[in-house]
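Trainee: Sharing final37.cif, mmCIF, C-alpha atoms:
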```
data_entry
#
loop_
_atom_site.label_atom_id
_atom_site.label_comp_id
_atom_site.auth_asym_id
_atom_site.auth_seq_id
_atom_site.Cartn_x
_atom_site.Cartn_y
_atom_site.Cartn_z
CA MET A 12 11.21 21.66 1.40
CA TYR A 13 13.50 20.87 -1.53
CA PHE A 14 12.67 17.17 -1.13
CA CYS A 15 8.94 17.97 -1.29
CA VAL A 16 9.39 19.89 -4.55
CA GLN A 17 11.41 17.06 -6.08
CA LEU A 18 8.85 14.41 -5.10
CA LEU A 19 6.05 16.52 -6.55
CA THR A 20 8.02 16.78 -9.81
CA ILE A 21 8.47 12.99 -9.95
CA MET A 22 4.76 12.42 -9.33
CA ARG A 23 3.90 14.81 -12.15
CA ILE A 24 6.27 13.07 -14.56
CA ILE A 25 4.92 9.57 -13.96
CA LYS A 26 1.37 10.97 -14.05
CA THR A 27 -0.09 8.79 -11.30
CA PRO A 28 -3.79 9.59 -10.86
CA VAL A 29 -3.35 10.34 -7.17
CA TYR A 30 -4.10 13.98 -6.58
CA PHE A 31 -4.78 13.37 -2.90
CA ILE A 32 -1.16 12.26 -2.49
CA LEU A 33 0.02 15.64 -3.74
CA LEU A 34 -2.29 17.47 -1.34
CA THR A 35 -1.17 15.36 1.63
CA LEU A 36 2.47 15.82 0.69
CA LEU A 37 2.11 19.60 0.63
CA LEU A 38 0.32 19.59 3.96
CA GLY A 39 2.81 17.21 5.50
CA CYS A 40 5.84 19.16 4.33
CA GLY A 41 4.42 22.52 5.30
CA ILE A 42 3.07 21.54 8.70
CA GLY A 43 6.07 19.36 9.47
CA LEU A 44 8.44 22.24 8.89
CA ASN A 45 6.48 25.02 10.50
CA GLY A 46 4.01 23.45 12.93
CA GLN A 47 4.40 22.94 16.64
CA ILE A 48 3.54 19.24 16.76
CA ILE A 49 2.52 17.63 13.49
CA LYS A 50 5.20 15.79 11.48
CA GLY A 51 5.24 15.16 7.74
CA GLU A 52 6.26 11.99 5.90
CA ALA A 53 7.47 11.24 2.39
CA ILE A 54 6.99 7.56 1.54
CA VAL A 55 8.39 5.35 -1.21
CA GLY A 56 8.43 1.58 -1.37
CA MET A 57 7.12 -1.63 -2.91
CA ASN A 58 4.38 -4.19 -2.33
CA LEU A 59 4.62 -7.96 -2.61
CA THR A 60 1.05 -9.14 -3.06
CA GLN A 61 -1.23 -12.04 -3.73
CA VAL A 62 -5.00 -12.41 -3.94
CA ASP A 63 -6.27 -15.13 -1.67
CA GLY A 64 -9.01 -17.12 -3.35
CA ASP A 65 -7.88 -16.74 -6.99
CA GLU A 66 -6.25 -20.19 -7.20
CA VAL A 67 -2.84 -18.54 -7.63
CA TYR A 68 -0.40 -18.82 -4.73
CA GLY A 69 2.59 -16.84 -3.53
CA PHE A 70 3.52 -13.18 -3.06
CA LYS A 71 4.68 -12.89 -6.67
CA LYS A 72 3.11 -9.59 -7.75
CA VAL A 73 5.39 -6.58 -7.29
CA GLY A 74 3.89 -3.10 -7.14
CA ALA A 75 4.57 0.46 -6.07
CA ASN A 76 3.67 1.99 -2.72
CA ILE A 77 4.29 5.75 -2.73
CA GLY A 78 2.74 8.76 -1.09
CA ALA A 79 2.80 11.08 1.90
CA GLY A 80 1.52 11.28 5.42
CA VAL A 81 1.22 13.26 8.62
CA MET A 82 1.74 12.11 12.20
CA VAL A 83 0.09 13.75 15.22
CA PRO A 84 1.78 12.90 18.56
CA PHE A 85 -0.19 12.45 21.78
CA GLY A 86 0.26 10.97 25.23
CA LYS A 87 3.18 11.26 27.63
CA ARG A 88 6.31 12.69 25.99
CA GLY A 89 4.79 12.28 22.53
CA ARG A 90 5.67 8.60 22.22
CA TRP A 91 2.30 7.84 20.64
CA ASP A 92 1.23 9.08 17.22
CA VAL A 93 -1.86 8.97 15.06
CA SER A 94 -0.70 8.48 11.48
CA PHE A 95 -2.66 9.52 8.38
CA GLU A 96 -1.36 8.60 4.92
CA THR A 97 -2.44 9.02 1.32
CA LEU A 98 -0.92 6.45 -1.03
CA PHE A 99 -0.85 5.22 -4.59
CA THR A 100 -0.53 1.47 -4.15
CA GLN A 101 -0.48 -1.45 -6.59
CA LYS A 102 -1.83 -4.87 -5.62
CA GLY A 103 -2.82 -8.00 -7.49
CA SER A 104 -1.57 -11.45 -8.41
CA ASN A 105 0.92 -13.06 -10.76
CA GLN A 106 1.63 -16.58 -12.03
CA LYS A 107 3.98 -17.54 -14.82
CA ALA A 108 3.02 -20.01 -17.54
CA GLN A 109 2.67 -23.54 -16.22
CA TYR A 110 2.95 -25.50 -19.47
CA ASN A 111 2.52 -25.27 -23.27
CA ASP A 112 -0.52 -26.51 -25.15
CA SER A 113 0.79 -28.51 -28.13
CA LEU A 114 -2.58 -28.57 -29.89
CA ASN A 115 -1.72 -25.35 -31.71
CA ASN A 116 1.86 -25.82 -32.90
CA GLY A 117 3.08 -25.80 -29.30
CA MET A 118 2.79 -22.04 -29.05
CA VAL A 119 -0.21 -21.59 -26.72
CA ILE A 120 0.95 -20.77 -23.19
CA THR A 121 -1.50 -21.97 -20.55
CA GLY A 122 -1.79 -21.46 -16.84
CA GLU A 123 -0.44 -17.92 -16.98
CA TYR A 124 -2.31 -15.37 -14.89
CA LYS A 125 -1.74 -11.73 -13.98
CA LEU A 126 -3.90 -9.22 -12.14
CA ASN A 127 -3.05 -5.53 -11.74
CA LEU A 128 -5.08 -3.57 -9.19
CA ASN A 129 -4.23 0.12 -8.69
CA TYR A 130 -5.61 1.92 -5.65
CA VAL A 131 -5.64 5.29 -3.94
CA GLU A 132 -5.38 4.26 -0.30
CA VAL A 133 -5.87 6.13 2.99
CA PRO A 134 -4.45 4.25 6.02
CA VAL A 135 -5.02 5.47 9.59
CA LEU A 136 -2.81 3.96 12.32
CA VAL A 137 -1.92 4.38 15.96
CA MET A 138 1.88 4.17 16.44
CA PHE A 139 4.07 3.73 19.52
CA THR A 140 7.77 4.66 19.45
CA ASP A 141 10.27 3.22 21.92
CA LYS A 142 13.48 5.14 22.70
CA GLU A 143 13.10 7.22 19.54
CA PHE A 144 14.37 4.24 17.55
CA ILE A 145 11.75 1.59 16.89
CA SER A 146 7.99 1.93 16.29
CA PHE A 147 5.03 -0.42 16.22
CA GLY A 148 1.52 0.32 15.04
CA ALA A 149 -1.81 -1.01 13.89
CA GLY A 150 -4.80 0.42 12.10
CA LEU A 151 -7.27 0.33 9.25
CA SER A 152 -7.28 1.59 5.69
CA TRP A 153 -9.75 2.40 2.95
CA ALA A 154 -8.67 2.08 -0.68
CA ARG A 155 -10.44 3.15 -3.85
CA LEU A 156 -9.82 1.17 -7.03
CA VAL A 157 -8.60 3.47 -9.82
CA GLY A 158 -7.33 0.93 -12.36
CA VAL A 159 -7.59 -2.78 -13.12
CA LYS A 160 -6.24 -5.17 -15.76
CA GLU A 161 -6.60 -8.95 -15.74
CA TYR A 162 -4.75 -11.40 -18.00
CA GLU A 163 -5.53 -15.11 -18.40
CA HIS A 164 -3.25 -17.38 -20.46
CA GLY A 165 -1.39 -14.29 -21.63
CA GLN A 166 -4.53 -12.61 -22.99
CA LEU A 167 -6.21 -9.48 -21.64
CA VAL A 168 -9.66 -10.18 -20.16
CA GLU A 169 -11.69 -7.52 -21.95
CA THR A 170 -14.68 -7.87 -19.61
CA THR A 171 -12.65 -6.95 -16.52
CA THR A 172 -12.67 -3.16 -16.38
CA LEU A 173 -12.89 -0.48 -13.72
CA ASN A 174 -16.63 -0.05 -14.32
CA SER A 175 -17.55 -3.69 -14.92
CA GLU A 176 -17.89 -4.30 -11.16
CA THR A 177 -15.82 -7.47 -11.51
CA TYR A 178 -13.77 -6.18 -8.59
CA SER A 179 -15.16 -4.08 -5.77
CA LYS A 180 -14.19 -0.43 -6.05
CA ASN A 181 -13.61 -0.26 -2.28
CA ASP A 182 -11.10 -2.28 -0.26
CA PHE A 183 -11.11 -2.10 3.56
CA ASP A 184 -7.98 -3.53 5.22
CA ILE A 185 -6.50 -4.18 8.64
CA LEU A 186 -2.81 -3.27 9.04
CA ALA A 187 0.18 -4.06 11.25
CA ASP A 188 3.22 -1.79 11.00
CA PHE A 189 6.87 -1.90 12.10
CA ARG A 190 9.45 0.88 11.67
CA ILE A 191 13.10 1.27 12.61
CA ARG A 192 15.36 4.30 12.28
CA ILE A 193 18.27 3.70 9.92
CA TYR A 194 19.72 7.20 9.50
CA LYS A 195 18.58 10.44 11.13
CA ALA A 196 15.03 11.05 9.88
CA LEU A 197 15.07 8.06 7.49
CA LYS A 198 13.19 4.95 8.62
CA PHE A 199 12.72 1.47 7.21
CA ASN A 200 9.11 0.28 7.32
CA LEU A 201 7.66 -3.22 7.12
CA ARG A 202 3.88 -3.44 6.85
CA TYR A 203 1.37 -6.26 6.52
CA GLN A 204 -2.26 -5.81 5.55
CA TYR A 205 -5.25 -7.94 4.65
CA SER A 206 -8.70 -7.22 3.24
CA LEU A 207 -11.54 -7.30 5.76
CA MET A 208 -14.13 -7.87 3.03
CA SER A 209 -13.89 -9.73 -0.25
CA ILE A 210 -12.88 -7.78 -3.33
CA ARG A 211 -14.44 -10.35 -5.67
CA THR A 212 -16.48 -13.56 -5.62
CA ARG A 213 -15.62 -15.91 -8.49
CA THR A 214 -16.84 -19.31 -9.64
CA PHE A 215 -14.19 -21.69 -11.00
CA SER A 216 -14.57 -24.88 -13.01
CA ASP A 217 -12.36 -27.77 -14.12
CA LEU A 218 -12.29 -30.07 -17.15
CA ALA A 219 -14.44 -32.62 -15.34
CA GLY A 220 -17.26 -30.10 -15.02
CA ASN A 221 -16.81 -29.49 -11.29
CA THR A 222 -17.43 -25.94 -10.09
CA TRP A 223 -16.61 -24.09 -6.88
CA THR A 224 -16.96 -20.51 -5.66
CA ARG A 225 -14.39 -18.54 -3.67
CA ASP A 226 -14.26 -15.08 -2.13
CA GLN A 227 -11.07 -13.15 -2.90
CA TYR A 228 -9.01 -10.91 -0.59
CA ASN A 229 -5.94 -8.73 -1.01
CA ASN A 230 -2.94 -10.02 0.95
CA VAL A 231 -0.03 -7.54 1.04
CA ILE A 232 3.51 -7.31 2.45
CA THR A 233 5.06 -3.86 2.06
CA PHE A 234 8.66 -2.62 2.31
CA ARG A 235 9.12 1.16 2.43
CA LEU A 236 11.50 4.00 3.23
CA ILE A 237 9.96 6.91 5.13
CA TRP A 238 11.55 10.32 5.59
CA VAL A 239 10.06 12.18 8.57
CA PHE A 240 10.13 15.97 8.40
CA ASN A 241 10.88 18.01 11.51
CA GLU A 242 10.68 15.00 13.82
CA GLU A 243 13.26 16.19 16.34
CA GLN A 244 11.88 19.72 16.63
CA SER A 245 8.34 18.39 16.89
CA ARG A 246 9.38 16.14 19.77
CA LYS A 247 11.10 19.02 21.61
CA ASN A 248 8.11 21.29 21.13
CA PHE A 249 5.75 18.58 22.33
CA VAL A 250 7.77 17.92 25.52
CA ASN A 251 8.14 21.63 26.29
CA THR A 252 4.45 22.43 25.83
CA PRO A 253 2.97 23.02 29.34
CA SER A 254 -0.40 21.51 28.48
CA GLN A 255 1.30 18.20 27.70
#
```
For this file, write the structure as structure tokens.
Mentor:
Amino acid sequence: MYFCVQLLTIMRIIKTPVYFILLTLLLGCGIGLNGQIIKGEAIVGMNLTQVDGDEVYGFKKVGANIGAGVMVPFGKRGRWDVSFETLFTQKGSNQKAQYNDSLNNGMVITGEYKLNLNYVEVPVLVMFTDKEFISFGAGLSWARLVGVKEYEHGQLVETTTLNSETYSKNDFDILADFRIRIYKALKFNLRYQYSLMSIRTRTFSDLAGNTWTRDQYNNVITFRLIWVFNEEQSRKNFVNTPSQ
């Protein structure tokens, strides 16, 4: 419970606009410590992201992936789980300056691009655990855009705002998940996810006057640490329950 209080304090300090994370964390900690089956999760990690279709390539945008979750076991011996998470997650794209434009005293940086997309995300997965050591899973997620900033050639794009509808406020993704126990209840998590629907449709042009239109999709690789509350007791209770 001490860990839950500390994580809540951190969330309050950094003032992330993710109130659902706090609610899920409280539920996960409480149920994980006192419930018969349900386990709680505290999650902290990072995203490496790109936006396919924005003419910028590479997983060069680094962002946070933090939150909480609950896992409900089912099936024989509780080796299967349904996982529900609530996350604050940062996606987007990043490209450093490509060259300098010497027309203005050599000080204009061109080719630079940066996109910050902040989401509240709710993934739902089905997980399978083998020998209480390694887990695999897959699922879907819904994310709500809560913040956006776009920079072109080092300058903020004033017309790209949360309410400008430049980017869709909803992002639906498919996910693949891998977890391995590294110490007691602490697990390392590798996750990959991709947008099922475009988050933006944009028309590009070049100096020759050619134009083309591309749909854009979030493409995300995530590395996380997950602390599972009451996992061992939950497993024992599940196995010893007659109805199971």
Trainee: Looking at all atoms listed in the file, which of A:Ser209, A:Pro134, A:Leu186, A:Asn76 is the one that sits closest to A:Ile54?
Mentor: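 The closest residue to A:Ile54 is A:Asn76.
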Trainee: Starting from the shown file, work through the PyMOL selection byres ((chain A and resi 236) around 9) and note down what comes out as a count of residues only.
Mentor: 12
Trainee: Enter the distance from atom CA of A:Lys107 to atom CA of A:Glu66, in Å, rounded to one decimal.
Mentor: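 Result for atom CA of A:Lys107 versus atom CA of A:Glu66: 13.0 Å, one decimal.
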Trainee: For each of A:Thr214, A:Thr177, A:Thr170, A:Ser94, take the minimum atom-to-atom distance to A:Phe147, counting all atoms listed in the file, then give the residue where this is smallest.
Mentor: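 Distance minimum relative to A:Phe147 lands on A:Ser94.
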Trainee: Can you find the residues with an atom no farther than 12 Å from (-1.8, 9.0, 22.3), counting all atoms listed in the file, and report them as a list in words?
Mentor: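 Nearby residues: Met82, Val83, Pro84, Phe85, Gly86, Lys87, Arg88, Gly89, Arg90, Trp91, Asp92, Val93, Ser94, Leu136, Val137, Met138, Phe139, Thr140, Gly148 and Gln255 of chain A.
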Trainee: Which residues would end up in the selection if the PyMOL selection byres ((chain A and resi 128) around 12) were applied here, given that I need the answer as a PyMOL selection string?
Mentor: chain A and resi 58+60-62+72-75+99-105+125-127+129-132+154-162+171-173+177-182+210+228-229
Trainee: Can those selected residues be exported to a file as a tab-separated table (two decimals), in the frame of the given file so that it contains C-alpha atoms?
Mentor:
```tsv
chain	number	residue	atom	x	y	z
A	58	ASN	CA	4.38	-4.19	-2.33
A	60	THR	CA	1.05	-9.14	-3.06
A	61	GLN	CA	-1.23	-12.04	-3.73
A	62	VAL	CA	-5.00	-12.41	-3.94
A	72	LYS	CA	3.11	-9.59	-7.75
A	73	VAL	CA	5.39	-6.58	-7.29
A	74	GLY	CA	3.89	-3.10	-7.14
A	75	ALA	CA	4.57	0.46	-6.07
A	99	PHE	CA	-0.85	5.22	-4.59
A	100	THR	CA	-0.53	1.47	-4.15
A	101	GLN	CA	-0.48	-1.45	-6.59
A	102	LYS	CA	-1.83	-4.87	-5.62
A	103	GLY	CA	-2.82	-8.00	-7.49
A	104	SER	CA	-1.57	-11.45	-8.41
A	105	ASN	CA	0.92	-13.06	-10.76
A	125	LYS	CA	-1.74	-11.73	-13.98
A	126	LEU	CA	-3.90	-9.22	-12.14
A	127	ASN	CA	-3.05	-5.53	-11.74
A	129	ASN	CA	-4.23	0.12	-8.69
A	130	TYR	CA	-5.61	1.92	-5.65
A	131	VAL	CA	-5.64	5.29	-3.94
A	132	GLU	CA	-5.38	4.26	-0.30
A	154	ALA	CA	-8.67	2.08	-0.68
A	155	ARG	CA	-10.44	3.15	-3.85
A	156	LEU	CA	-9.82	1.17	-7.03
A	157	VAL	CA	-8.60	3.47	-9.82
A	158	GLY	CA	-7.33	0.93	-12.36
A	159	VAL	CA	-7.59	-2.78	-13.12
A	160	LYS	CA	-6.24	-5.17	-15.76
A	161	GLU	CA	-6.60	-8.95	-15.74
A	162	TYR	CA	-4.75	-11.40	-18.00
A	171	THR	CA	-12.65	-6.95	-16.52
A	172	THR	CA	-12.67	-3.16	-16.38
A	173	LEU	CA	-12.89	-0.48	-13.72
A	177	THR	CA	-15.82	-7.47	-11.51
A	178	TYR	CA	-13.77	-6.18	-8.59
A	179	SER	CA	-15.16	-4.08	-5.77
A	180	LYS	CA	-14.19	-0.43	-6.05
A	181	ASN	CA	-13.61	-0.26	-2.28
A	182	ASP	CA	-11.10	-2.28	-0.26
A	210	ILE	CA	-12.88	-7.78	-3.33
A	228	TYR	CA	-9.01	-10.91	-0.59
A	229	ASN	CA	-5.94	-8.73	-1.01
```
Trainee: For atom CA of A:Glu243 and atom CA of A:Phe95, determine how far apart the two atoms are, in Å to one decimal place.
Mentor: 19.0 Å
Trainee: When you count all atoms listed in the file, which of these residues is closest to A:Ile77: A:Ser146, A:Thr224, A:Ser152, A:Thr233?
Mentor: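 Ranking A:Ser146, A:Thr224, A:Ser152, A:Thr233 by distance to A:Ile77, first place goes to A:Thr233.
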Trainee: Provide the atom CA of A:Lys50 to atom CA of A:Gln204 distance in Å, to one decimal place.
Mentor: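 Straight-line distance from atom CA of A:Lys50 to atom CA of A:Gln204 works out to 23.6 Å.
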Trainee: When the PyMOL selection byres ((chain A and resi 207) around 7) is applied to the structure above, which residues does it catch, written out as a ChimeraX atom specification?
Mentor: /A:183-185,205-206,208-209
Trainee: Ranking A:Val135, A:Ala187, A:Met57, A:Ala149 by minimum distance to A:Tyr203 and counting all atoms listed in the file, which one comes first?
Mentor: A:Ala187
Trainee: Axis-aligned box over every listed atom of stretch 185-199 of chain A, padded by 5 Å per side: centre and edges in Å to one decimal, as JSON?
Mentor:
```
{"center_x": 6.6, "center_y": 3.4, "center_z": 9.9, "size_x": 36.2, "size_y": 25.2, "size_z": 15.4}
```
